[in-house]
>>> print(open('protein_14.cif').read())   # mmCIF, C-alpha atoms
data_work
#
loop_
_atom_site.label_atom_id
_atom_site.label_comp_id
_atom_site.auth_asym_id
_atom_site.auth_seq_id
_atom_site.Cartn_x
_atom_site.Cartn_y
_atom_site.Cartn_z
CA MET A 8 0.00 0.00 0.00
CA VAL A 9 1.49 3.30 -1.04
CA GLU A 10 0.50 6.30 1.01
CA THR A 11 1.91 9.01 -1.17
CA ASP A 12 0.67 11.97 0.87
CA LYS A 13 1.82 10.81 4.23
CA ILE A 14 4.65 12.73 5.86
CA TRP A 15 7.05 10.18 7.28
CA THR A 16 9.04 10.75 10.44
CA LYS A 17 12.46 9.35 11.22
CA ASP A 18 10.99 7.20 13.98
CA GLU A 19 8.58 5.63 11.54
CA ILE A 20 11.45 4.80 9.19
CA TRP A 21 13.23 3.12 12.12
CA GLY A 22 9.98 1.24 12.73
CA VAL A 23 10.13 -0.11 9.19
CA LEU A 24 13.77 -1.13 9.57
CA GLU A 25 12.89 -2.93 12.81
CA ASN A 26 10.73 -5.24 10.74
CA ILE A 27 13.42 -6.15 8.24
CA PRO A 28 14.89 -9.51 9.27
CA ASP A 29 18.55 -10.38 9.03
CA PRO A 30 18.81 -12.77 6.04
CA GLU A 31 20.98 -15.25 7.96
CA ILE A 32 19.20 -15.09 11.32
CA PRO A 33 15.61 -14.27 10.37
CA VAL A 34 14.31 -14.13 13.97
CA ILE A 35 16.05 -10.83 14.60
CA SER A 36 15.91 -7.56 12.73
CA ILE A 37 18.76 -5.57 11.25
CA VAL A 38 18.12 -2.97 13.98
CA GLU A 39 18.37 -5.52 16.80
CA LEU A 40 21.57 -6.86 15.27
CA GLY A 41 23.03 -3.35 15.14
CA ILE A 42 23.58 -3.37 11.40
CA ALA A 43 21.29 -0.40 10.69
CA ARG A 44 23.23 2.56 12.09
CA ASP A 45 21.44 5.73 11.04
CA VAL A 46 18.62 7.20 9.00
CA ASN A 47 18.89 10.48 7.13
CA LEU A 48 15.41 11.58 6.14
CA ILE A 49 16.05 14.23 3.52
CA ASP A 50 12.49 14.84 2.34
CA ASN A 51 9.33 12.81 1.82
CA LYS A 52 10.79 11.18 -1.31
CA THR A 53 14.42 10.89 -0.36
CA VAL A 54 15.99 8.87 2.42
CA GLU A 55 19.42 7.52 3.20
CA VAL A 56 20.06 4.53 5.47
CA ILE A 57 23.50 3.88 6.89
CA ILE A 58 24.43 0.24 7.47
CA THR A 59 27.59 -1.52 8.61
CA PRO A 60 28.60 -5.15 8.03
CA THR A 61 29.17 -7.58 10.87
CA TYR A 62 32.13 -8.95 8.90
CA SER A 63 33.99 -7.35 5.96
CA GLY A 64 32.99 -10.14 3.64
CA CYS A 65 29.45 -10.57 4.91
CA PRO A 66 27.55 -11.88 1.87
CA ALA A 67 24.21 -10.78 3.38
CA MET A 68 24.89 -7.09 2.83
CA ASP A 69 23.53 -7.07 -0.70
CA ALA A 70 20.34 -8.82 0.42
CA ILE A 71 19.93 -6.35 3.28
CA GLU A 72 20.39 -3.39 0.95
CA THR A 73 17.79 -4.81 -1.42
CA ASP A 74 15.33 -5.38 1.44
CA ILE A 75 15.73 -1.84 2.76
CA LYS A 76 15.22 -0.37 -0.69
CA ALA A 77 12.15 -2.52 -1.33
CA GLU A 78 10.49 -1.65 2.00
CA LEU A 79 11.12 2.08 1.78
CA THR A 80 10.09 2.24 -1.88
CA ARG A 81 6.80 0.67 -0.82
CA LEU A 82 6.25 3.64 1.49
CA GLY A 83 6.50 5.99 -1.48
CA PHE A 84 10.15 6.98 -1.34
CA THR A 85 11.60 7.35 -4.80
CA GLU A 86 15.21 8.00 -3.80
CA VAL A 87 16.45 5.39 -1.36
CA THR A 88 20.20 5.16 -0.87
CA VAL A 89 21.87 2.62 1.36
CA LYS A 90 25.34 3.62 2.42
CA LEU A 91 27.80 1.04 3.70
CA VAL A 92 30.21 2.29 6.34
CA TYR A 93 33.06 0.34 7.97
CA SER A 94 33.98 2.76 10.71
CA PRO A 95 33.34 2.55 13.58
CA ALA A 96 33.57 -1.20 13.15
CA TRP A 97 30.59 -3.29 14.14
CA THR A 98 30.79 -4.97 17.53
CA THR A 99 28.62 -7.59 19.18
CA ASP A 100 28.01 -4.95 21.88
CA TRP A 101 25.59 -3.31 19.44
CA MET A 102 23.23 -6.26 19.48
CA SER A 103 20.22 -5.36 21.61
CA GLU A 104 19.39 -7.46 24.67
CA GLU A 105 16.07 -8.32 23.07
CA GLY A 106 17.92 -9.37 19.91
CA LYS A 107 20.29 -11.57 21.91
CA ARG A 108 17.37 -13.18 23.72
CA LYS A 109 15.64 -14.00 20.43
CA MET A 110 18.87 -15.37 19.03
CA ARG A 111 19.33 -17.71 22.01
CA GLU A 112 15.76 -18.93 21.63
CA TYR A 113 16.56 -19.58 17.99
CA GLY A 114 19.43 -21.84 19.13
CA ILE A 115 22.44 -19.56 18.68
CA SER A 116 24.50 -18.77 21.75
CA THR A 117 25.46 -15.12 22.18
CA PRO A 118 28.58 -13.48 23.64
CA GLU A 119 28.33 -13.11 27.41
CA LYS A 120 30.83 -10.33 27.82
CA THR A 121 30.74 -6.91 26.32
CA CYS A 122 33.83 -6.24 24.30
CA GLY A 123 33.86 -2.45 24.29
CA GLY A 124 34.97 -2.79 20.71
CA VAL A 125 37.99 -4.83 21.75
CA ALA A 126 37.33 -8.53 21.91
CA PRO A 127 38.70 -10.40 24.94
CA PRO A 128 41.21 -13.23 24.46
CA LEU A 129 39.52 -16.13 22.70
CA GLU A 130 40.25 -18.52 25.55
CA ASP A 131 38.23 -16.32 27.93
CA ALA A 132 35.02 -16.73 25.99
CA ILE A 133 32.19 -18.06 28.14
CA VAL A 134 29.93 -20.01 25.86
CA ILE A 135 26.58 -21.14 27.20
CA CYS A 136 24.59 -23.89 25.52
CA PRO A 137 21.39 -22.32 24.17
CA GLN A 138 19.52 -25.59 24.79
CA CYS A 139 20.34 -26.62 28.35
CA LYS A 140 22.14 -23.42 29.53
CA SER A 141 25.24 -25.37 30.56
CA LYS A 142 28.59 -23.57 30.57
CA ASN A 143 30.32 -26.90 30.03
CA THR A 144 30.82 -26.55 26.28
CA ARG A 145 33.66 -27.11 23.85
CA LEU A 146 34.81 -25.52 20.64
CA ILE A 147 34.50 -27.67 17.54
CA SER A 148 35.49 -25.11 14.92
CA GLN A 149 36.40 -21.42 14.96
CA PHE A 150 34.11 -20.96 11.99
CA GLY A 151 30.52 -22.09 11.88
CA SER A 152 27.82 -21.78 9.27
CA THR A 153 28.86 -18.15 8.72
CA SER A 154 32.00 -16.19 9.47
CA CYS A 155 30.40 -14.45 12.45
CA LYS A 156 29.73 -17.72 14.23
CA ALA A 157 31.84 -20.53 15.71
CA LEU A 158 30.71 -24.13 16.11
CA TYR A 159 30.45 -25.51 19.65
CA GLN A 160 29.12 -28.61 21.30
CA CYS A 161 27.57 -28.92 24.74
CA ASN A 162 29.34 -31.50 26.91
CA ASP A 163 26.20 -32.03 28.99
CA CYS A 164 23.32 -32.30 26.54
CA LYS A 165 25.67 -33.15 23.62
CA GLU A 166 23.85 -30.75 21.32
CA PRO A 167 26.04 -29.02 18.72
CA PHE A 168 25.26 -25.31 18.27
CA ASP A 169 26.39 -22.05 16.68
CA HIS A 170 27.96 -19.39 18.87
CA PHE A 171 27.95 -15.77 17.76
CA LYS A 172 31.58 -14.78 18.23
CA CYS A 173 32.47 -11.81 20.38
CA LEU A 174 33.71 -9.17 18.00
CA MET B 12 46.47 10.65 -7.29
CA ASP B 13 48.91 9.91 -4.48
CA ASN B 14 50.81 7.16 -6.21
CA ASN B 15 52.43 5.92 -3.00
CA LEU B 16 49.10 5.59 -1.23
CA TYR B 17 47.56 3.88 -4.26
CA LYS B 18 50.31 1.27 -4.45
CA TYR B 19 50.34 0.76 -0.71
CA VAL B 20 46.61 0.05 -0.69
CA LEU B 21 46.91 -2.18 -3.76
CA ARG B 22 49.70 -4.24 -2.20
CA LEU B 23 47.47 -5.07 0.75
CA ALA B 24 44.30 -5.45 -1.33
CA ASP B 25 45.92 -7.73 -3.89
CA SER B 26 47.52 -9.93 -1.24
CA SER B 27 44.13 -10.48 0.43
CA LEU B 28 42.35 -10.96 -2.89
CA ILE B 29 44.78 -13.50 -4.30
CA LEU B 30 45.02 -15.49 -1.08
CA SER B 31 41.24 -15.41 -0.83
CA HIS B 32 40.97 -16.91 -4.30
CA ARG B 33 43.53 -19.60 -3.49
CA LEU B 34 41.59 -20.58 -0.36
CA SER B 35 38.29 -20.53 -2.24
CA GLU B 36 39.69 -23.22 -4.55
CA TYR B 37 39.60 -25.52 -1.53
CA CYS B 38 35.92 -24.91 -0.84
CA SER B 39 34.26 -28.38 -0.77
CA LYS B 40 37.68 -30.08 -0.63
CA GLY B 41 38.46 -29.60 3.07
CA PRO B 42 39.60 -32.65 5.07
CA PHE B 43 36.34 -32.61 7.05
CA LEU B 44 33.18 -30.53 7.08
CA GLU B 45 34.05 -28.08 9.87
CA GLU B 46 37.42 -27.37 8.35
CA ASP B 47 35.83 -26.94 4.95
CA LEU B 48 33.56 -24.26 6.43
CA ALA B 49 36.50 -22.63 8.19
CA ILE B 50 38.67 -22.32 5.11
CA SER B 51 35.77 -20.90 3.10
CA ASN B 52 35.00 -18.39 5.84
CA VAL B 53 38.61 -17.24 6.05
CA SER B 54 38.54 -16.85 2.28
CA LEU B 55 35.39 -14.77 2.59
CA ASP B 56 36.88 -12.51 5.27
CA LEU B 57 39.91 -11.90 3.08
CA LEU B 58 37.69 -11.16 0.11
CA GLY B 59 35.76 -8.62 2.15
CA GLN B 60 38.97 -6.94 3.26
CA ALA B 61 40.25 -6.93 -0.31
CA GLU B 62 37.02 -5.42 -1.59
CA SER B 63 37.05 -2.56 0.94
CA LEU B 64 40.63 -1.75 -0.05
CA LEU B 65 40.00 -2.12 -3.78
CA ILE B 66 37.00 0.22 -3.58
CA TYR B 67 39.32 2.79 -2.01
CA ALA B 68 42.02 2.19 -4.64
CA ALA B 69 39.49 2.51 -7.47
CA GLU B 70 38.36 5.87 -6.10
CA MET B 71 41.95 7.08 -6.32
CA ASN B 72 42.53 5.87 -9.87
CA ASP B 73 40.60 7.78 -12.55
CA ASP B 74 41.16 4.95 -15.03
CA ALA B 75 39.48 2.37 -12.78
CA PRO B 76 35.69 2.73 -12.66
CA ASP B 77 35.25 0.38 -9.72
CA ALA B 78 36.80 -2.33 -7.55
CA ASP B 79 35.76 -5.09 -9.95
CA TYR B 80 37.77 -3.43 -12.67
CA LEU B 81 40.90 -3.62 -10.54
CA ALA B 82 40.25 -7.24 -9.62
CA PHE B 83 39.25 -8.54 -13.03
CA ARG B 84 40.78 -6.31 -15.69
CA ARG B 85 44.36 -5.96 -14.58
CA ASP B 86 47.11 -8.15 -15.90
CA GLU B 87 49.62 -10.20 -13.97
CA ARG B 88 52.35 -7.57 -13.97
CA GLU B 89 49.97 -5.02 -12.44
CA PHE B 90 49.28 -7.13 -9.35
CA LEU B 91 51.30 -6.21 -6.26
CA ASN B 92 50.39 -9.13 -3.98
CA PHE B 93 53.06 -11.01 -2.08
CA GLN B 94 54.18 -14.06 -4.04
CA LEU B 95 53.44 -16.14 -0.95
CA CYS B 96 49.70 -15.55 -1.47
CA GLU B 97 49.63 -16.92 -5.01
CA LEU B 98 51.44 -20.22 -4.38
CA GLU B 99 49.45 -23.29 -5.24
CA ASN B 100 47.62 -25.43 -2.66
CA ARG B 101 50.03 -28.36 -2.72
CA ASP B 102 48.56 -30.08 0.30
CA TYR B 103 46.94 -29.12 3.58
CA ALA B 104 50.27 -28.57 5.30
CA TYR B 105 51.22 -26.02 2.63
CA ILE B 106 47.86 -24.28 2.94
CA MET B 107 48.15 -23.98 6.71
CA ALA B 108 51.82 -22.96 6.79
CA ARG B 109 51.13 -20.23 4.22
CA GLN B 110 48.12 -19.17 6.25
CA LEU B 111 50.09 -18.99 9.49
CA PHE B 112 52.75 -16.77 7.92
CA ILE B 113 50.09 -14.39 6.59
CA ASP B 114 47.96 -14.50 9.74
CA VAL B 115 50.84 -13.50 12.00
CA PHE B 116 51.70 -10.71 9.56
CA ASN B 117 48.11 -9.45 9.43
CA ASN B 118 47.83 -9.51 13.21
CA LEU B 119 50.86 -7.23 13.43
CA LEU B 120 49.88 -5.05 10.48
CA TYR B 121 46.23 -4.19 11.10
CA PRO B 122 46.53 -2.93 14.71
CA GLU B 123 49.17 -0.49 13.38
CA LEU B 124 47.04 0.55 10.41
CA ALA B 125 44.06 1.08 12.71
CA LYS B 126 46.04 4.09 14.02
CA SER B 127 46.46 5.51 10.51
CA LYS B 128 45.84 9.20 9.88
CA ASP B 129 43.99 8.09 6.75
CA GLU B 130 40.46 7.50 8.01
CA ARG B 131 39.59 4.98 5.32
CA ILE B 132 42.60 2.80 6.06
CA ALA B 133 42.04 3.14 9.80
CA GLY B 134 38.39 2.08 9.42
CA ILE B 135 39.14 -0.94 7.25
CA ALA B 136 42.00 -1.97 9.54
CA ALA B 137 39.89 -1.66 12.70
CA LYS B 138 37.36 -3.99 11.11
CA SER B 139 39.98 -6.43 9.82
CA VAL B 140 41.91 -6.66 13.08
CA LYS B 141 38.97 -8.38 14.73
CA GLU B 142 38.67 -10.93 11.94
CA VAL B 143 42.31 -11.89 11.50
CA ARG B 144 42.57 -12.69 15.21
CA TYR B 145 40.30 -15.67 14.62
CA HIS B 146 42.31 -16.69 11.55
CA LEU B 147 45.52 -16.80 13.58
CA LYS B 148 43.94 -18.85 16.34
CA ARG B 149 43.01 -21.46 13.78
CA SER B 150 46.31 -21.60 11.89
CA SER B 151 48.26 -21.71 15.20
CA ASP B 152 46.14 -24.65 16.36
CA TRP B 153 46.91 -26.45 13.11
CA MET B 154 50.66 -26.16 13.72
CA LYS B 155 50.21 -28.12 16.93
CA ARG B 156 47.84 -30.57 15.34
CA LEU B 157 50.13 -31.38 12.44
CA GLY B 158 53.42 -30.89 14.29
CA LEU B 159 52.45 -33.10 17.23
CA GLY B 160 50.34 -35.50 15.17
CA THR B 161 51.92 -38.42 13.38
CA GLU B 162 55.44 -38.69 12.03
CA GLU B 163 53.97 -38.22 8.56
CA SER B 164 52.04 -35.06 9.47
CA HIS B 165 55.04 -33.65 11.35
CA ASN B 166 57.37 -34.21 8.41
CA ARG B 167 54.96 -32.74 5.91
CA ILE B 168 54.24 -29.54 7.86
CA GLN B 169 57.99 -29.10 8.48
CA GLU B 170 58.66 -29.56 4.78
CA ALA B 171 55.97 -27.01 3.93
CA ILE B 172 57.46 -24.48 6.37
CA ASN B 173 60.94 -24.99 4.93
CA ASP B 174 59.76 -24.77 1.31
CA LEU B 175 57.61 -21.67 1.82
CA TRP B 176 60.17 -19.84 3.95
CA VAL B 177 61.90 -18.25 0.98
CA TYR B 178 58.65 -16.39 0.17
CA THR B 179 58.13 -14.90 3.62
CA GLY B 180 60.76 -12.17 3.30
CA GLU B 181 58.68 -10.25 0.76
CA MET B 182 56.12 -9.21 3.38
CA PHE B 183 58.87 -7.20 5.08
CA GLU B 184 60.50 -5.71 2.03
CA SER B 185 60.38 -1.95 2.30
CA ARG B 186 60.42 0.47 -0.57
CA ASP B 187 60.12 4.26 -0.82
CA ILE B 188 56.35 3.67 -0.97
CA ASP B 189 55.84 2.26 2.51
CA LYS B 190 58.56 4.49 3.94
CA ALA B 191 56.66 7.52 2.62
CA MET B 192 53.41 6.18 4.07
CA ALA B 193 55.06 5.69 7.45
CA GLU B 194 56.49 9.22 7.40
CA GLN B 195 53.03 10.61 6.72
CA GLY B 196 51.48 8.57 9.52
CA ILE B 197 49.30 6.71 7.01
CA GLY B 198 50.93 3.30 6.98
CA ILE B 199 53.69 1.26 8.52
CA GLU B 200 57.09 0.52 7.07
CA PHE B 201 56.85 -3.20 6.45
CA SER B 202 60.44 -4.03 7.41
CA THR B 203 59.80 -2.86 10.98
CA LEU B 204 57.48 -5.84 11.55
CA HIS B 205 59.97 -8.55 10.62
CA ALA B 206 61.66 -9.15 13.98
CA GLU B 207 58.40 -9.41 15.92
CA TRP B 208 56.86 -11.58 13.21
CA TYR B 209 59.81 -13.96 13.42
CA LYS B 210 59.58 -14.18 17.18
CA GLN B 211 55.88 -14.97 17.11
CA VAL B 212 56.17 -17.52 14.32
CA LYS B 213 59.01 -19.21 16.15
CA ASP B 214 56.95 -19.49 19.36
CA ILE B 215 53.95 -20.90 17.53
CA LEU B 216 56.03 -23.44 15.62
CA ALA B 217 57.92 -24.44 18.78
CA ALA B 218 54.58 -25.32 20.39
CA GLY B 219 54.12 -27.83 17.57
CA ASP B 220 57.69 -29.14 18.02
CA LEU B 221 58.60 -27.60 14.66
CA GLU B 222 61.81 -25.90 13.55
CA THR B 223 61.82 -22.31 12.33
CA PRO B 224 64.34 -21.55 9.57
CA PRO B 225 66.76 -18.70 10.34
CA LEU B 226 65.61 -15.09 10.06
CA ASP B 227 68.72 -14.30 8.11
CA SER B 228 67.87 -16.36 5.03
CA TYR B 229 67.76 -15.79 1.30
CA TYR B 230 64.31 -14.48 0.34
CA ALA B 231 62.54 -14.26 -3.01
CA SER B 232 61.60 -10.80 -4.22
CA GLY B 233 59.85 -9.06 -7.10
CA SER B 234 56.18 -8.48 -6.42
CA TRP B 235 56.64 -4.81 -5.53
CA ASP B 236 57.50 -4.53 -9.25
CA GLY B 237 54.74 -6.88 -10.38
CA ILE B 238 57.07 -9.83 -10.86
CA HIS B 239 55.45 -13.07 -9.79
CA THR B 240 55.89 -16.82 -9.73
CA GLU B 241 54.39 -18.86 -12.56
CA ASN B 242 51.39 -19.58 -10.32
CA LEU B 243 49.75 -16.16 -10.57
CA GLY B 244 49.08 -16.32 -14.32
CA PHE B 245 47.16 -19.56 -13.97
CA LEU B 246 45.24 -18.22 -10.99
CA LEU B 247 44.22 -15.06 -12.84
CA THR B 248 43.18 -16.99 -15.93
CA ASP B 249 40.74 -18.83 -13.73
CA MET B 250 39.64 -15.92 -11.52
CA GLN B 251 39.21 -13.45 -14.38
CA PHE B 252 37.69 -15.86 -16.91
CA LEU B 253 34.09 -14.71 -16.77
CA PRO B 254 34.58 -10.94 -16.75
CA THR B 255 37.15 -11.11 -19.53
CA LYS B 256 35.26 -13.59 -21.68
CA TYR B 257 31.89 -11.89 -21.17
CA PRO B 258 32.74 -8.26 -20.35
CA ASP B 259 29.14 -7.11 -20.26
CA ALA B 260 27.81 -9.92 -18.09
CA THR B 261 25.73 -8.78 -15.14
CA TRP B 262 23.83 -10.61 -12.41
#
>>> encode(input="protein_14.cif", output="structure tokens")
Amino acid sequence: MVETDKIWTKDEIWGVLENIPDPEIPVISIVELGIARDVNLIDNKTVEVIITPTYSGCPAMDAIETDIKAELTRLGFTEVTVKLVYSPAWTTDWMSEEGKRKMREYGISTPEKTCGGVAPPLEDAIVICPQCKSKNTRLISQFGSTSCKALYQCNDCKEPFDHFKCL
Amino acid sequence: MDNNLYKYVLRLADSSLILSHRLSEYCSKGPFLEEDLAISNVSLDLLGQAESLLIYAAEMNDDAPDADYLAFRRDEREFLNFQLCELENRDYAYIMARQLFIDVFNNLLYPELAKSKDERIAGIAAKSVKEVRYHLKRSSDWMKRLGLGTEESHNRIQEAINDLWVYTGEMFESRDIDKAMAEQGIGIEFSTLHAEWYKQVKDILAAGDLETPPLDSYYASGSWDGIHTENLGFLLTDMQFLPTKYPDATW
């Protein structure tokens, strides 16, 4: 539905972005993941969205850009630009608590510590099994189904799972 | 165009791009599934780093419309990657030894570049530094795994280290280009990283009961001037096939 006469506010644009799922982890939005960084509402036809990748080579960025453009075009915007910025670099600290909770329910363990932009030594990572909540887990591979995740297994319930790496 | 900056960025971009392509050749051929995923993910990280740098390089060069042009339309002699990155995947020991040498280098390089006065380089480096940390963890673990594994695995990783050693010196070869970048606070003079790199490599290899060849060795040279081993031509023929054969192809 195109509401051509409506005057959109920045908050409403954020509301739209909050409904765009991450292509790899569809239970959380690009806002909850901290990928959508800023919205520049220039006029009622023109908007710019600033996004940042979780990893340099994140193959989902193109899909995310396409989704943002599609959703905002549906609102009646004719000039939608999506700008990719690398600095400041994305950190897992930008994931919202709500986003982390949804991710755990989805079966992906999330970083326990905040990194403050600087990740702690890898050996210090506390990885909690998203199934049985045990801390007794072991690393299987530094790299899981995507670059941002590592593969772990729970020593108690034996379930293998993805862990979103502290970055 | 600042020719020094352009070449400095290209040297780093090309090294990541070419190594990324080499690793991507192993996608689906890893020794087991988790490792197959890991090698593909490292390749992807490197590709992302290369792309960020190539976008920057293309902006500097009026003759290059975009990053793809630099990746797919340049010829062998125009590539400035370290020769180490282009060497063929002889076996898994070679892949991991090559990776360790690069990973230690990247873990010394990117924290320095993150302090660059050039905001673009600092931004890309700050992003990359987080990624290459995970790469190094993996390649270091493999040195122990192969070095302390069987007699066969120990001998093969040692042979790979010894054979590849001659190519490691290039990462620390300094020219007027990197010296100028260091003077301007934009980059680091590569030669200044050599001693620390050697120390770290030696420690990692020692943990796998492996010998490190001497720092003062004969090293291959040439890639600053676009001179490469015979491997790069074959790699480019493969990597550039589609864009050169079908120049107007789009997704």
>>> resolve_selection(input="protein_14.cif", expression="the PyMOL selection byres ((chain A and resi 148) around 10)", output="list in words")
Arg145, Leu146, Ile147, Gln149, Phe150, Gly151, Lys156, Ala157, Leu158, Tyr159, Gln160 and Asp169 of chain A; Leu44, Glu45, Glu46, Leu48, Ala49 and Arg149 of chain B
>>> interface_residues(input="protein_14.cif", of="chain A", to="chain B", cutoff="10 Å", atoms="only C-alpha atoms", output="PyMOL selection string")
chain A and resi 60-66+92-98+124-126+128-130+147-158+172-174
>>> atom_distance(input="protein_14.cif", atom1="CA of Glu99 in chain B", atom2="CA of Asp220 in chain B")
25.4 Å
>>> residues_around(input="protein_14.cif", residues="Leu246 in chain B", least_positions_apart="6", cutoff="9 Å", atoms="all atoms listed in the file", output="number ranges by chain")
B: 29, 32-33, 97, 99
>>> residues_around(input="protein_14.cif", residues="range 189-204 of chain B", least_positions_apart="3", cutoff="12 Å", atoms="all atoms listed in the file", output="PyMOL selection string")
chain B and resi 13-23+115-133+136+179-186+207-211+235
>>> residues_around(input="protein_14.cif", residues="Ile20 in chain A", least_positions_apart="4", cutoff="8 Å", atoms="all atoms listed in the file", output="list in words")
Trp15, Thr16, Leu24, Val46 and Leu79 of chain A
>>> atom_distance(input="protein_14.cif", atom1="CA of Ile172 in chain B", atom2="CA of Ala108 in chain B")
5.9 Å
>>> resolve_selection(input="protein_14.cif", expression="the PyMOL selection byres ((chain B and resi 81) around 12)", output="PyMOL selection string")
chain B and resi 17+20-21+24-25+28+61-62+64-80+82-87+89-91+251+254
>>> resolve_selection(input="protein_14.cif", expression="the PyMOL selection byres ((chain B and resi 100) around 9)", output="ChimeraX atom specification")
/B:33-34,36-37,98-99,101-106
>>> atom_distance(input="protein_14.cif", atom1="CA of Met107 in chain B", atom2="CA of Trp153 in chain B")
7.0 Å
>>> build_atoms(input="protein_14.cif", residues="range 87-101 of chain A", atoms="N, CA and C atoms", output="PDB file, in the frame of the given file")
ATOM      1  N   VAL A  87      15.975   6.066  -2.558  1.00  0.00           N
ATOM      2  CA  VAL A  87      16.450   5.390  -1.360  1.00  0.00           C
ATOM      3  C   VAL A  87      17.915   5.018  -1.574  1.00  0.00           C
ATOM      4  N   THR A  88      18.799   5.574  -0.763  1.00  0.00           N
ATOM      5  CA  THR A  88      20.200   5.160  -0.870  1.00  0.00           C
ATOM      6  C   THR A  88      20.600   4.434   0.406  1.00  0.00           C
ATOM      7  N   VAL A  89      21.360   3.374   0.219  1.00  0.00           N
ATOM      8  CA  VAL A  89      21.870   2.620   1.360  1.00  0.00           C
ATOM      9  C   VAL A  89      23.382   2.761   1.332  1.00  0.00           C
ATOM     10  N   LYS A  90      23.898   3.364   2.382  1.00  0.00           N
ATOM     11  CA  LYS A  90      25.340   3.620   2.420  1.00  0.00           C
ATOM     12  C   LYS A  90      26.008   2.647   3.396  1.00  0.00           C
ATOM     13  N   LEU A  91      27.066   2.014   2.902  1.00  0.00           N
ATOM     14  CA  LEU A  91      27.800   1.040   3.700  1.00  0.00           C
ATOM     15  C   LEU A  91      29.004   1.712   4.350  1.00  0.00           C
ATOM     16  N   VAL A  92      29.053   1.706   5.671  1.00  0.00           N
ATOM     17  CA  VAL A  92      30.210   2.290   6.340  1.00  0.00           C
ATOM     18  C   VAL A  92      30.940   1.206   7.154  1.00  0.00           C
ATOM     19  N   TYR A  93      32.256   1.329   7.244  1.00  0.00           N
ATOM     20  CA  TYR A  93      33.060   0.340   7.970  1.00  0.00           C
ATOM     21  C   TYR A  93      33.512   0.860   9.333  1.00  0.00           C
ATOM     22  N   SER A  94      33.446   2.166   9.488  1.00  0.00           N
ATOM     23  CA  SER A  94      33.980   2.760  10.710  1.00  0.00           C
ATOM     24  C   SER A  94      32.911   3.619  11.382  1.00  0.00           C
ATOM     25  N   PRO A  95      32.678   3.502  12.683  1.00  0.00           N
ATOM     26  CA  PRO A  95      33.340   2.550  13.580  1.00  0.00           C
ATOM     27  C   PRO A  95      32.901   1.119  13.278  1.00  0.00           C
ATOM     28  N   ALA A  96      33.830   0.191  13.510  1.00  0.00           N
ATOM     29  CA  ALA A  96      33.570  -1.200  13.150  1.00  0.00           C
ATOM     30  C   ALA A  96      32.489  -1.799  14.046  1.00  0.00           C
ATOM     31  N   TRP A  97      31.679  -2.622  13.431  1.00  0.00           N
ATOM     32  CA  TRP A  97      30.590  -3.290  14.140  1.00  0.00           C
ATOM     33  C   TRP A  97      31.142  -4.116  15.301  1.00  0.00           C
ATOM     34  N   THR A  98      30.406  -4.129  16.390  1.00  0.00           N
ATOM     35  CA  THR A  98      30.790  -4.970  17.530  1.00  0.00           C
ATOM     36  C   THR A  98      29.542  -5.680  18.044  1.00  0.00           C
ATOM     37  N   THR A  99      29.762  -6.836  18.650  1.00  0.00           N
ATOM     38  CA  THR A  99      28.620  -7.590  19.180  1.00  0.00           C
ATOM     39  C   THR A  99      27.930  -6.806  20.309  1.00  0.00           C
ATOM     40  N   ASP A 100      28.625  -5.795  20.848  1.00  0.00           N
ATOM     41  CA  ASP A 100      28.010  -4.950  21.880  1.00  0.00           C
ATOM     42  C   ASP A 100      26.773  -4.208  21.338  1.00  0.00           C
ATOM     43  N   TRP A 101      26.708  -4.051  20.030  1.00  0.00           N
ATOM     44  CA  TRP A 101      25.590  -3.310  19.440  1.00  0.00           C
ATOM     45  C   TRP A 101      24.325  -4.151  19.294  1.00  0.00           C
TER      46      TRP A 101
END
